[in-house]
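Q: One structure, pasted below without further comment.
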2 protein chains.
Amino acid sequence: MKSLDEARALDAADPLRTYRDAFDLPAGEIYLDGNSLGALPRATVARLAGTVRGEWGRDLIRSWNKAGWIDAPARVGGKIAQLIGAQAHEVLVADSTSVNLFKLLAAAVKAQPGRRVILSEPGNFPTDLYVAQGVAETLGAELRLAPREAIVEALDEDVAVLLLTHVHYQSAAMFDMAAITRAAQAKGALVLWDLSHSAGAVAVDLNAANADLAVGCGYKYLNGGPGAPAFLFVAERHQAALRSPLSGWMGHAAPFDFGDDYAPGEGISRFLCGTPPILGLAALEEGVDLLLGADLPALYAKGQALCSAFIDVVEDRCAGLGLTLATPREGATRGSHVSFRHEQGWPIMQALIARGVIGDFRAPDILRFGFTPLYVGFEDVWNAAEILRDILTTGAWDDPAFHARAAVT
Amino acid sequence: MKSLDEARALDAADPLRTYRDAFDLPAGEIYLDGNSLGALPRATVARLAGTVRGEWGRDLIRSWNKAGWIDAPARVGGKIAQLIGAQAHEVLVADSTSVNLFKLLAAAVKAQPGRRVILSEPGNFPTDLYVAQGVAETLGAELRLAPREAIVEALDEDVAVLLLTHVHYQSAAMFDMAAITRAAQAKGALVLWDLSHSAGAVAVDLNAANADLAVGCGYKYLNGGPGAPAFLFVAERHQAALRSPLSGWMGHAAPFDFGDDYAPGEGISRFLCGTPPILGLAALEEGVDLLLGADLPALYAKGQALCSAFIDVVEDRCAGLGLTLATPREGATRGSHVSFRHEQGWPIMQALIARGVIGDFRAPDILRFGFTPLYVGFEDVWNAAEILRDILTTGAWDDPAFHARAAVT
């Protein structure tokens with residue numbers, strides 16, 4: 001992409017261009033952080049008003065039956081299943097990604113008494129490693145880390161479960177899900193895929209890859225809102241054998257019998273725990289419905305094209321300004337965000353945000369830009385790169401205000 | 001209370017009577033299920049609209065800092081602390097009651113290697129027992145049950161933690177928190193109090209009772225909305241020694257350093273796990289703020305008076321119609337709901353609901369009526385009892401439509 005005109009021509013030809021109006025985005029900004037917090041779908045505003053005033057306020061307790069609240073975890077899970085190549089009854093919405101990681105990792109370790117190792121890679125998203133450490137400590141297991149190039153060689157007969165994030169949160173590098181799954185299963189291990197940066201961003205086909213387990217985030221590309229509930233996947237063939245350690249009442253076979261003894265529900269329902277978060281589920285369902293209405297192959301292709309265009313324009317227009325690409329160049333091996341390293345990454349990102357280009361910073365030196373095909377266009381890519389160039393060439397980033405650190409990055 | 005006129009006089013003299021207008025309640029109904037799902041505060045409608053359109057839609061990712069999203073679990077926890085006799089830094093809002101039970105039970109068992117028993121009572125709220133079973137199975141511990149009359153005698157040197165619900169979900173019977181805590185601590189055990197039917201309903205003073213641990217529900221008397229996030233309490237003196245097995249990134253000492261190794265946060269923050277559910281937290285904060293604005297001693301006294309009045313009127317007006325009181329008669333030993341047994345409990349409750357008296361049914365034969373002092377008055381008590389009398393005397397409950405069971409009771 002060599003010019004603003006070319007960017008505009010690409011937008012004019014984009015079959016997804018009308019989706020931008022489905023979002024309530026602030027004027028005058030380029031939002032490139034939908035990989036961290038997805039934007040607000042306009043439909044979500046009305047949906048939440050109805051959930052709050054109609055279902056909660058007017059129908060009150062009756063909404064558990066009448067409004068289908070009790071079915072929401074399975075219903076929304078069944079919709080997410082369509083985005084990740086799963087059957088409807090293999091996916092639930094529940095809790096947070098971290099809590100779901102605990103459930104599935106612990107279940108996988110418990111189910112394989114002869115195997116005591118959780119294998120992952122250093123630099124995986126922190127909560128994945130932290131939760132794995134908690135599971136290991138709780139169960140007397142062990143967390144083993146091996147670099148991604150050596151992850152297959154690190155699989156042995158001690159590994160109960162291989163825990164990997166499909167698209168890396170910093171680099172956007174994407175594992176070959178089918179190949180890794182095959183290699184792990186050949187060694188007798190299960191694989192747990194974290195799809196937080198994949199679902200809604202890249203084509204995922206869990207069943208085609210013969211995947212075992214997965215979790216993922218509701219508030220990134222699924223546009224479910226801040227702290228949206230997360231999802232989990234358990235392949236049908238594993239559901240009867242795996243038990244969630246978090247045996248709360250919603251995972252019981254008959255929660256409203258109010259008996260004293262826990263009996264896990266049939267199938268995926270046993271991975272529920274407490275009362276489902278209805279407001280979060282309602283918002284998430286709107287975000288997922290919006291995605292399901294889109295042409296998904298076109299969506300994934302546009303995400304790749306936006307990322308490639310950003311890489312090209314930045315490398316062309318910002319050459320020699322201290323940026324180093326930290327993302328795979330090949331679209332088929334990366335997710336829908338692009339990272340550049342710069343030793344002044346923090347103040348540069350603050351300067352970008354002050355100019356209306358909203359990306360984020362990841363320690364120690366990563367400038368991260370998410371390209372969400374439903375509401376980002378090629379003109380945004382061009383303009384963001386131009387503003388980045390201006391900030392770097394003028395040194396505008398070197399302002400005390402931009403050096404101050406915030407609580408949340 | 002002997003007449004409708006007397007009920008109306010009591011309402012006219014009620015210092016809390018104006019609070020009913022703070023709720024968006026359906027016209028023509030008597031809502032006696034606020035002990036299961038609290039009603040919608042009017043302020044919550046505007047708060048959620050602002051959270052959704054302003055904080056999420058306009059400020060997007062910046063709201064983690066700008067709108068204080070990141071502080072919400074501690075901020076709202078600090079407010080709930082005022083309702084339960086805790087210090088602000090001893091309470092957090094996070095996850096569900098079930099997940100919080102798992103965190104604290106597992107931490108309590110792990111911290112006492114020589115003690116392998118979780119003690120509780122049969123008939124405790126199911127999720128408490130189910131989660132305790134999950135913790136026992138996960139850690140190789142044991143769940144021991146003893147009837148409440150014999151619970152103190154069942155304490156021995158094997159008990160790591162005594163798990164009790166302060167106000168029983170069926171009978172509303174209330175434990176003497178200080179006495180039980182003292183007895184358990186004398187045997188070297190910790191006590192975990194489930195305050196789900198207590199917080200916002202009865203006076204609770206955790207620190208006066210020298211309590212160790214507690215959890216509670218956000219969607220009952222706190223009016224936090226369906227599936228609202230729950231809260232947890234860890235006494236300051238235990239915070240450094242206890243570790244949550246659910247070691248997610250929000251409980252890390254420095255979550256935004258993105259390091260590979262888990263280090264628990266100082267103090268209560270280590271009991272956070274995943275990304276906080278912002279929509280649920282916003283709604284819960286409004287519900288808690290509303291309570292904190294009320295005269296709490298008057299609130300608790302009114303709750304007791306409403307329950308006593310209902311017992312009196314029903315026993316007087318429905319004498320001989322098959323109802324048996326299943327709740328303590330003495331106000332100081334019960335929570336803010338009243339249960340009656342009737343062998344036709346299910347269809348009778350459906351008939352009540354059809355007549356606009358919204359209570360609930362708990363297996364096998366309990367008709368349960370919650371009296372939430374902020375939005376229920378003495379005239380409601382009188383009218384509900386009259387409608388109950390009419391349904392019982394006419395046999396109107398014996399209609400096929402009222403016998404059909406629902407998914408959620």
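We name chains A, B, ... following the order of the structure tokens; residues begin at 1 in each chain, and ligands are numbered from 1 as shown.
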Can you list, as an mmCIF file with N, CA and C atoms, in the first residue's frame, every protein, DNA or RNA residue that comes within 8 Å of segment 316-333 of chain B when you count only C-alpha atoms, leaving out same-chain residues fewer than 4 positions away?

A:
```
data_model
loop_
_atom_site.group_PDB
_atom_site.id
_atom_site.type_symbol
_atom_site.label_atom_id
_atom_site.label_comp_id
_atom_site.auth_asym_id
_atom_site.auth_seq_id
_atom_site.Cartn_x
_atom_site.Cartn_y
_atom_site.Cartn_z
ATOM 1 N N SER B 171 -34.214 -22.365 56.003
ATOM 2 C CA SER B 171 -34.894 -22.077 57.267
ATOM 3 C C SER B 171 -34.700 -20.646 57.753
ATOM 4 N N ALA B 172 -33.694 -19.969 57.239
ATOM 5 C CA ALA B 172 -33.307 -18.633 57.718
ATOM 6 C C ALA B 172 -32.697 -18.668 59.116
ATOM 7 N N ALA B 173 -32.494 -19.854 59.686
ATOM 8 C CA ALA B 173 -31.853 -19.942 61.000
ATOM 9 C C ALA B 173 -30.441 -19.364 60.918
ATOM 10 N N MET B 174 -30.093 -18.591 61.935
ATOM 11 C CA MET B 174 -28.818 -17.872 61.934
ATOM 12 C C MET B 174 -27.921 -18.405 63.030
ATOM 13 N N PHE B 175 -26.689 -18.722 62.670
ATOM 14 C CA PHE B 175 -25.711 -19.138 63.668
ATOM 15 C C PHE B 175 -25.262 -17.945 64.504
ATOM 16 N N ASP B 176 -24.829 -18.222 65.711
ATOM 17 C CA ASP B 176 -24.154 -17.231 66.548
ATOM 18 C C ASP B 176 -22.691 -17.193 66.079
ATOM 19 N N GLN B 304 -36.543 -7.711 60.434
ATOM 20 C CA GLN B 304 -37.059 -8.606 61.488
ATOM 21 C C GLN B 304 -38.546 -8.393 61.707
ATOM 22 N N ALA B 305 -38.965 -7.129 61.711
ATOM 23 C CA ALA B 305 -40.379 -6.825 61.961
ATOM 24 C C ALA B 305 -41.259 -7.342 60.824
ATOM 25 N N CYS B 307 -40.656 -9.893 58.864
ATOM 26 C CA CYS B 307 -40.719 -11.360 58.976
ATOM 27 C C CYS B 307 -41.657 -11.778 60.118
ATOM 28 N N SER B 308 -41.514 -11.113 61.252
ATOM 29 C CA SER B 308 -42.371 -11.450 62.394
ATOM 30 C C SER B 308 -43.838 -11.203 62.055
ATOM 31 N N ILE B 311 -45.115 -14.001 59.775
ATOM 32 C CA ILE B 311 -45.363 -15.232 60.551
ATOM 33 C C ILE B 311 -46.676 -15.104 61.329
ATOM 34 N N ASP B 312 -46.856 -13.981 61.995
ATOM 35 C CA ASP B 312 -48.070 -13.779 62.800
ATOM 36 C C ASP B 312 -49.327 -13.839 61.944
ATOM 37 N N VAL B 338 -38.675 -15.908 55.408
ATOM 38 C CA VAL B 338 -39.535 -16.801 56.179
ATOM 39 C C VAL B 338 -39.921 -17.981 55.293
ATOM 40 N N SER B 339 -39.838 -19.164 55.855
ATOM 41 C CA SER B 339 -40.222 -20.369 55.101
ATOM 42 C C SER B 339 -41.354 -21.099 55.825
ATOM 43 N N PHE B 340 -42.285 -21.552 55.032
ATOM 44 C CA PHE B 340 -43.334 -22.452 55.525
ATOM 45 C C PHE B 340 -43.276 -23.735 54.707
ATOM 46 N N ARG B 341 -43.492 -24.837 55.390
ATOM 47 C CA ARG B 341 -43.633 -26.103 54.679
ATOM 48 C C ARG B 341 -45.102 -26.331 54.342
ATOM 49 N N HIS B 342 -45.321 -26.937 53.179
ATOM 50 C CA HIS B 342 -46.667 -27.407 52.807
ATOM 51 C C HIS B 342 -46.453 -28.525 51.806
ATOM 52 N N GLU B 343 -47.204 -29.598 51.951
ATOM 53 C CA GLU B 343 -46.958 -30.753 51.063
ATOM 54 C C GLU B 343 -47.254 -30.415 49.603
ATOM 55 N N ILE B 366 -40.748 -26.455 50.607
ATOM 56 C CA ILE B 366 -40.607 -25.142 51.256
ATOM 57 C C ILE B 366 -41.159 -24.022 50.373
ATOM 58 N N ALA B 385 -50.201 -12.374 52.652
ATOM 59 C CA ALA B 385 -50.813 -13.396 53.505
ATOM 60 C C ALA B 385 -52.279 -13.619 53.127
ATOM 61 N N GLU B 386 -52.970 -12.561 52.778
ATOM 62 C CA GLU B 386 -54.380 -12.694 52.381
ATOM 63 C C GLU B 386 -54.524 -13.498 51.084
ATOM 64 N N LEU B 388 -52.379 -15.680 49.985
ATOM 65 C CA LEU B 388 -52.039 -17.069 50.341
ATOM 66 C C LEU B 388 -53.257 -17.760 50.963
ATOM 67 N N ARG B 389 -53.933 -17.059 51.867
ATOM 68 C CA ARG B 389 -55.124 -17.634 52.497
ATOM 69 C C ARG B 389 -56.190 -17.957 51.438
ATOM 70 N N LEU B 392 -55.292 -21.035 49.426
ATOM 71 C CA LEU B 392 -55.418 -22.280 50.207
ATOM 72 C C LEU B 392 -56.891 -22.620 50.474
ATOM 73 N N THR B 393 -57.679 -21.623 50.776
ATOM 74 C CA THR B 393 -59.084 -21.924 51.118
ATOM 75 C C THR B 393 -59.884 -22.278 49.875
#
```

Q: Counting only C-alpha atoms, which residues of segment 272-389 of chain B fall within 7 Å of segment 250-267 of chain B, and what is the closest atom pair for each with its distance in Å at one decimal, ordered by chain and rising number, as CSV?

A:
```
residue,atom,partner,partner_atom,distance
B:Leu272,CA,B:Gly251,CA,4.5
B:Cys273,CA,B:Met250,CA,5.1
B:Gly274,CA,B:Met250,CA,5.6
B:Thr275,CA,B:Met250,CA,6.4
```

Q: Write out, as a PDB file, in the first residue's frame, the residues just selected, with N, CA, C and O atoms.

A:
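Once written, result.pdb looks like this:
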```pdb
ATOM      1  N   LEU B 272      -7.574 -12.097  43.930  1.00  0.00           N
ATOM      2  CA  LEU B 272      -8.122 -11.891  42.589  1.00  0.00           C
ATOM      3  C   LEU B 272      -7.596 -12.980  41.672  1.00  0.00           C
ATOM      4  O   LEU B 272      -6.574 -13.604  41.955  1.00  0.00           O
ATOM      5  N   CYS B 273      -8.275 -13.178  40.544  1.00  0.00           N
ATOM      6  CA  CYS B 273      -7.789 -14.189  39.608  1.00  0.00           C
ATOM      7  C   CYS B 273      -7.743 -13.597  38.202  1.00  0.00           C
ATOM      8  O   CYS B 273      -6.732 -13.075  37.787  1.00  0.00           O
ATOM      9  N   GLY B 274      -8.843 -13.629  37.468  1.00  0.00           N
ATOM     10  CA  GLY B 274      -8.847 -13.127  36.093  1.00  0.00           C
ATOM     11  C   GLY B 274      -9.262 -11.667  36.014  1.00  0.00           C
ATOM     12  O   GLY B 274      -9.399 -10.968  37.028  1.00  0.00           O
ATOM     13  N   THR B 275      -9.471 -11.201  34.806  1.00  0.00           N
ATOM     14  CA  THR B 275      -9.883  -9.823  34.547  1.00  0.00           C
ATOM     15  C   THR B 275     -11.250  -9.559  35.176  1.00  0.00           C
ATOM     16  O   THR B 275     -12.174 -10.339  34.975  1.00  0.00           O
TER      17      THR B 275
END
```

Q: Might you pull out every residue within 9 Å of Ala203 of chain B, with only C-alpha atoms counted and same-chain residues fewer than 6 positions away left off, and present them as a PyMOL selection string?

A: chain B and resi 83-85+296-297+300

Q: How would the residues just chosen look if you wrote them out with all heavy atoms as a PDB file, in the first residue's frame?

A:
```pdb
ATOM      1  N   LEU B  83     -20.635  -3.155  55.382  1.00  0.00           N
ATOM      2  CA  LEU B  83     -21.883  -3.866  55.706  1.00  0.00           C
ATOM      3  C   LEU B  83     -21.631  -5.111  56.548  1.00  0.00           C
ATOM      4  O   LEU B  83     -22.581  -5.703  57.071  1.00  0.00           O
ATOM      5  CB  LEU B  83     -22.590  -4.298  54.413  1.00  0.00           C
ATOM      6  CG  LEU B  83     -23.093  -3.178  53.497  1.00  0.00           C
ATOM      7  CD1 LEU B  83     -23.566  -3.761  52.169  1.00  0.00           C
ATOM      8  CD2 LEU B  83     -24.231  -2.412  54.183  1.00  0.00           C
ATOM      9  N   ILE B  84     -20.384  -5.544  56.640  1.00  0.00           N
ATOM     10  CA  ILE B  84     -20.114  -6.840  57.276  1.00  0.00           C
ATOM     11  C   ILE B  84     -19.069  -6.736  58.383  1.00  0.00           C
ATOM     12  O   ILE B  84     -18.516  -7.749  58.806  1.00  0.00           O
ATOM     13  CB  ILE B  84     -19.712  -7.909  56.219  1.00  0.00           C
ATOM     14  CG1 ILE B  84     -18.473  -7.473  55.424  1.00  0.00           C
ATOM     15  CG2 ILE B  84     -20.891  -8.204  55.292  1.00  0.00           C
ATOM     16  CD1 ILE B  84     -17.973  -8.533  54.419  1.00  0.00           C
ATOM     17  N   GLY B  85     -18.800  -5.533  58.831  1.00  0.00           N
ATOM     18  CA  GLY B  85     -17.893  -5.374  59.957  1.00  0.00           C
ATOM     19  C   GLY B  85     -16.457  -5.735  59.649  1.00  0.00           C
ATOM     20  O   GLY B  85     -15.744  -6.284  60.492  1.00  0.00           O
ATOM     21  N   LEU B 296     -28.788   1.688  58.654  1.00  0.00           N
ATOM     22  CA  LEU B 296     -28.670   0.221  58.688  1.00  0.00           C
ATOM     23  C   LEU B 296     -29.323  -0.410  59.921  1.00  0.00           C
ATOM     24  O   LEU B 296     -30.003  -1.437  59.787  1.00  0.00           O
ATOM     25  CB  LEU B 296     -27.205  -0.211  58.536  1.00  0.00           C
ATOM     26  CG  LEU B 296     -26.609   0.094  57.141  1.00  0.00           C
ATOM     27  CD1 LEU B 296     -25.117  -0.221  57.119  1.00  0.00           C
ATOM     28  CD2 LEU B 296     -27.321  -0.701  56.052  1.00  0.00           C
ATOM     29  N   PRO B 297     -29.162   0.139  61.100  1.00  0.00           N
ATOM     30  CA  PRO B 297     -29.899  -0.458  62.229  1.00  0.00           C
ATOM     31  C   PRO B 297     -31.422  -0.465  61.982  1.00  0.00           C
ATOM     32  O   PRO B 297     -32.101  -1.452  62.285  1.00  0.00           O
ATOM     33  CB  PRO B 297     -29.514   0.434  63.410  1.00  0.00           C
ATOM     34  CG  PRO B 297     -28.159   0.966  63.044  1.00  0.00           C
ATOM     35  CD  PRO B 297     -28.218   1.180  61.554  1.00  0.00           C
ATOM     36  N   TYR B 300     -32.202  -3.326  59.463  1.00  0.00           N
ATOM     37  CA  TYR B 300     -32.219  -4.681  60.025  1.00  0.00           C
ATOM     38  C   TYR B 300     -33.431  -4.877  60.933  1.00  0.00           C
ATOM     39  O   TYR B 300     -34.052  -5.943  60.947  1.00  0.00           O
ATOM     40  CB  TYR B 300     -30.916  -4.957  60.786  1.00  0.00           C
ATOM     41  CG  TYR B 300     -29.658  -4.777  59.936  1.00  0.00           C
ATOM     42  CD1 TYR B 300     -28.524  -4.148  60.449  1.00  0.00           C
ATOM     43  CD2 TYR B 300     -29.616  -5.228  58.624  1.00  0.00           C
ATOM     44  CE1 TYR B 300     -27.373  -3.968  59.681  1.00  0.00           C
ATOM     45  CE2 TYR B 300     -28.472  -5.056  57.839  1.00  0.00           C
ATOM     46  CZ  TYR B 300     -27.355  -4.426  58.381  1.00  0.00           C
ATOM     47  OH  TYR B 300     -26.229  -4.257  57.614  1.00  0.00           O
TER      48      TYR B 300
END
```

Q: Using Å and a single decimal, report how far atom CA of Leu352 of chain A sits from atom CA of Thr394 of chain A.

A: 12.6 Å

Q: Neighbouring residues of segment 17-30 of chain B were defined as those with any atom within 8 Å, considering only C-alpha atoms; residues of the same chain fewer than 2 positions away were excluded. Please report them as a list of chain:residue names.

A: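 The neighbour list is A:Arg53, A:Gly57, A:Arg58, A:Asp59, B:Asp11, B:Ala12, B:Asp14, B:Pro15, B:Leu32, B:Ala39, B:Leu40, B:Pro41, B:Arg42, B:Ala43, B:Gly356, B:Val357, B:Ile358, B:Leu374, B:Tyr375, B:Val376, B:Gly377, B:Asp380, B:Ala384.
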
Q: For the residues in the current selection, export N, CA and C atoms as a PDB file, in the first residue's frame.

A:
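And here is the file that came out, out.pdb:
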```
ATOM      1  N   ARG A  53     -33.676  -3.416  32.230  1.00  0.00           N
ATOM      2  CA  ARG A  53     -34.996  -2.887  32.581  1.00  0.00           C
ATOM      3  C   ARG A  53     -36.092  -3.928  32.428  1.00  0.00           C
ATOM      4  N   GLY A  57     -35.458  -5.846  35.817  1.00  0.00           N
ATOM      5  CA  GLY A  57     -36.357  -4.943  36.535  1.00  0.00           C
ATOM      6  C   GLY A  57     -37.799  -5.408  36.563  1.00  0.00           C
ATOM      7  N   ARG A  58     -38.330  -5.855  35.413  1.00  0.00           N
ATOM      8  CA  ARG A  58     -39.754  -6.163  35.342  1.00  0.00           C
ATOM      9  C   ARG A  58     -40.038  -7.626  35.665  1.00  0.00           C
ATOM     10  N   ASP A  59     -39.291  -8.527  35.035  1.00  0.00           N
ATOM     11  CA  ASP A  59     -39.610  -9.953  35.213  1.00  0.00           C
ATOM     12  C   ASP A  59     -38.864 -10.579  36.384  1.00  0.00           C
TER      13      ASP A  59
ATOM     14  N   ASP B  11     -46.418   1.215  57.837  1.00  0.00           N
ATOM     15  CA  ASP B  11     -45.715   1.762  56.664  1.00  0.00           C
ATOM     16  C   ASP B  11     -45.564   3.278  56.766  1.00  0.00           C
ATOM     17  N   ALA B  12     -46.619   3.940  57.238  1.00  0.00           N
ATOM     18  CA  ALA B  12     -46.575   5.412  57.320  1.00  0.00           C
ATOM     19  C   ALA B  12     -45.496   5.871  58.300  1.00  0.00           C
ATOM     20  N   ASP B  14     -42.700   4.221  58.845  1.00  0.00           N
ATOM     21  CA  ASP B  14     -41.417   3.575  58.496  1.00  0.00           C
ATOM     22  C   ASP B  14     -40.412   4.608  58.002  1.00  0.00           C
ATOM     23  N   PRO B  15     -39.276   4.767  58.679  1.00  0.00           N
ATOM     24  CA  PRO B  15     -38.282   5.749  58.222  1.00  0.00           C
ATOM     25  C   PRO B  15     -37.652   5.378  56.875  1.00  0.00           C
ATOM     26  N   LEU B  32     -41.364 -10.808  46.836  1.00  0.00           N
ATOM     27  CA  LEU B  32     -40.817 -11.401  48.062  1.00  0.00           C
ATOM     28  C   LEU B  32     -39.732 -12.420  47.715  1.00  0.00           C
ATOM     29  N   ALA B  39     -34.038  -6.595  43.642  1.00  0.00           N
ATOM     30  CA  ALA B  39     -34.692  -5.758  42.634  1.00  0.00           C
ATOM     31  C   ALA B  39     -33.700  -4.769  42.023  1.00  0.00           C
ATOM     32  N   LEU B  40     -34.158  -4.116  40.955  1.00  0.00           N
ATOM     33  CA  LEU B  40     -33.313  -3.191  40.185  1.00  0.00           C
ATOM     34  C   LEU B  40     -33.367  -1.782  40.774  1.00  0.00           C
ATOM     35  N   PRO B  41     -32.264  -1.271  41.294  1.00  0.00           N
ATOM     36  CA  PRO B  41     -32.243   0.135  41.697  1.00  0.00           C
ATOM     37  C   PRO B  41     -32.320   1.034  40.457  1.00  0.00           C
ATOM     38  N   ARG B  42     -33.130   2.102  40.559  1.00  0.00           N
ATOM     39  CA  ARG B  42     -33.239   3.001  39.403  1.00  0.00           C
ATOM     40  C   ARG B  42     -31.882   3.571  39.008  1.00  0.00           C
ATOM     41  N   ALA B  43     -31.048   3.860  39.993  1.00  0.00           N
ATOM     42  CA  ALA B  43     -29.734   4.457  39.702  1.00  0.00           C
ATOM     43  C   ALA B  43     -28.858   3.531  38.862  1.00  0.00           C
ATOM     44  N   GLY B 356     -49.444 -12.578  41.599  1.00  0.00           N
ATOM     45  CA  GLY B 356     -48.577 -11.409  41.798  1.00  0.00           C
ATOM     46  C   GLY B 356     -47.803 -11.394  43.100  1.00  0.00           C
ATOM     47  N   VAL B 357     -47.803 -12.518  43.818  1.00  0.00           N
ATOM     48  CA  VAL B 357     -46.967 -12.624  45.023  1.00  0.00           C
ATOM     49  C   VAL B 357     -45.768 -13.496  44.655  1.00  0.00           C
ATOM     50  N   ILE B 358     -44.612 -12.852  44.515  1.00  0.00           N
ATOM     51  CA  ILE B 358     -43.452 -13.541  43.954  1.00  0.00           C
ATOM     52  C   ILE B 358     -42.553 -14.003  45.092  1.00  0.00           C
ATOM     53  N   LEU B 374     -35.791  -2.490  52.092  1.00  0.00           N
ATOM     54  CA  LEU B 374     -35.744  -1.266  51.289  1.00  0.00           C
ATOM     55  C   LEU B 374     -36.960  -1.132  50.383  1.00  0.00           C
ATOM     56  N   TYR B 375     -37.551  -2.244  49.968  1.00  0.00           N
ATOM     57  CA  TYR B 375     -38.655  -2.095  49.012  1.00  0.00           C
ATOM     58  C   TYR B 375     -39.878  -2.942  49.335  1.00  0.00           C
ATOM     59  N   VAL B 376     -39.931  -3.546  50.504  1.00  0.00           N
ATOM     60  CA  VAL B 376     -41.130  -4.275  50.933  1.00  0.00           C
ATOM     61  C   VAL B 376     -41.684  -3.591  52.182  1.00  0.00           C
ATOM     62  N   GLY B 377     -43.007  -3.475  52.242  1.00  0.00           N
ATOM     63  CA  GLY B 377     -43.651  -2.819  53.377  1.00  0.00           C
ATOM     64  C   GLY B 377     -44.637  -3.745  54.071  1.00  0.00           C
ATOM     65  N   ASP B 380     -47.617  -4.917  52.073  1.00  0.00           N
ATOM     66  CA  ASP B 380     -47.256  -6.078  51.237  1.00  0.00           C
ATOM     67  C   ASP B 380     -47.387  -7.368  52.043  1.00  0.00           C
ATOM     68  N   ALA B 384     -49.963 -10.199  50.930  1.00  0.00           N
ATOM     69  CA  ALA B 384     -49.416 -11.509  50.539  1.00  0.00           C
ATOM     70  C   ALA B 384     -50.061 -12.617  51.359  1.00  0.00           C
TER      71      ALA B 384
END
```

Q: Using only C-alpha atoms, determine which residues of chain A fall within 7 Å of chain B; present them as a VMD selection string.

A: chain A and resid 24 to 26 37 39 to 40 56 to 58 60 to 61 64 to 65 95 to 99 102 122 to 123 126 to 127 129 to 131 134 to 135 138 to 139 226 to 228 245 to 249 256 to 262 273 to 280 363 407 to 409

Q: Which residues, written as a ChimeraX atom specification, have at least one atom at most 9 Å from Ala108 of chain B, with only C-alpha atoms counted and residues fewer than 3 positions away on the same chain left out?

A: /B:103-105,111-112,160-161,190,192,213,242-243

Q: Could the residues in this selection be saved with N, CA and C atoms as a PDB file, in the first residue's frame?

A:
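Result file selection.pdb:
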```
ATOM      1  N   LYS B 103     -11.374 -20.949  46.386  1.00  0.00           N
ATOM      2  CA  LYS B 103     -10.111 -20.270  46.722  1.00  0.00           C
ATOM      3  C   LYS B 103      -9.816 -20.358  48.213  1.00  0.00           C
ATOM      4  N   LEU B 104     -10.810 -20.000  49.022  1.00  0.00           N
ATOM      5  CA  LEU B 104     -10.544 -19.857  50.463  1.00  0.00           C
ATOM      6  C   LEU B 104     -10.491 -21.210  51.156  1.00  0.00           C
ATOM      7  N   LEU B 105     -11.358 -22.134  50.752  1.00  0.00           N
ATOM      8  CA  LEU B 105     -11.282 -23.476  51.356  1.00  0.00           C
ATOM      9  C   LEU B 105      -9.952 -24.134  51.030  1.00  0.00           C
ATOM     10  N   ALA B 111      -2.874 -24.473  54.063  1.00  0.00           N
ATOM     11  CA  ALA B 111      -2.064 -23.780  55.075  1.00  0.00           C
ATOM     12  C   ALA B 111      -1.907 -24.589  56.357  1.00  0.00           C
ATOM     13  N   GLN B 112      -2.655 -25.703  56.465  1.00  0.00           N
ATOM     14  CA  GLN B 112      -2.626 -26.490  57.707  1.00  0.00           C
ATOM     15  C   GLN B 112      -2.397 -27.959  57.360  1.00  0.00           C
ATOM     16  N   ALA B 160      -9.445 -28.631  59.543  1.00  0.00           N
ATOM     17  CA  ALA B 160      -8.724 -27.453  59.066  1.00  0.00           C
ATOM     18  C   ALA B 160      -9.649 -26.246  59.011  1.00  0.00           C
ATOM     19  N   VAL B 161     -10.859 -26.460  58.545  1.00  0.00           N
ATOM     20  CA  VAL B 161     -11.759 -25.325  58.344  1.00  0.00           C
ATOM     21  C   VAL B 161     -13.204 -25.773  58.530  1.00  0.00           C
ATOM     22  N   LEU B 190      -9.900 -22.954  61.406  1.00  0.00           N
ATOM     23  CA  LEU B 190     -10.404 -21.706  60.845  1.00  0.00           C
ATOM     24  C   LEU B 190     -11.899 -21.863  60.564  1.00  0.00           C
ATOM     25  N   LEU B 192     -14.941 -20.502  57.876  1.00  0.00           N
ATOM     26  CA  LEU B 192     -15.319 -19.780  56.660  1.00  0.00           C
ATOM     27  C   LEU B 192     -16.828 -19.576  56.698  1.00  0.00           C
ATOM     28  N   LEU B 213     -12.456 -16.040  57.697  1.00  0.00           N
ATOM     29  CA  LEU B 213     -12.708 -16.034  56.247  1.00  0.00           C
ATOM     30  C   LEU B 213     -14.206 -15.925  56.005  1.00  0.00           C
ATOM     31  N   LEU B 242      -1.961 -17.108  53.551  1.00  0.00           N
ATOM     32  CA  LEU B 242      -2.851 -17.882  52.689  1.00  0.00           C
ATOM     33  C   LEU B 242      -2.550 -17.594  51.213  1.00  0.00           C
ATOM     34  N   ARG B 243      -2.599 -18.651  50.416  1.00  0.00           N
ATOM     35  CA  ARG B 243      -2.350 -18.535  48.975  1.00  0.00           C
ATOM     36  C   ARG B 243      -3.558 -19.061  48.230  1.00  0.00           C
TER      37      ARG B 243
END
```

Q: Identify all residues of segment 291-328 of chain B in alpha helix (DSSP H) (DSSP on the backbone) and supply them as a list in words.

A: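 Those in segment 291-328 of chain B that DSSP calls alpha helix (DSSP H) are Leu291, Leu292, Leu296, Pro297, Ala298, Leu299, Tyr300, Ala301, Lys302, Gly303, Gln304, Ala305, Leu306, Cys307, Ser308, Ala309, Phe310, Ile311, Asp312, Val313, Val314, Glu315, Asp316 and Arg317 of chain B.
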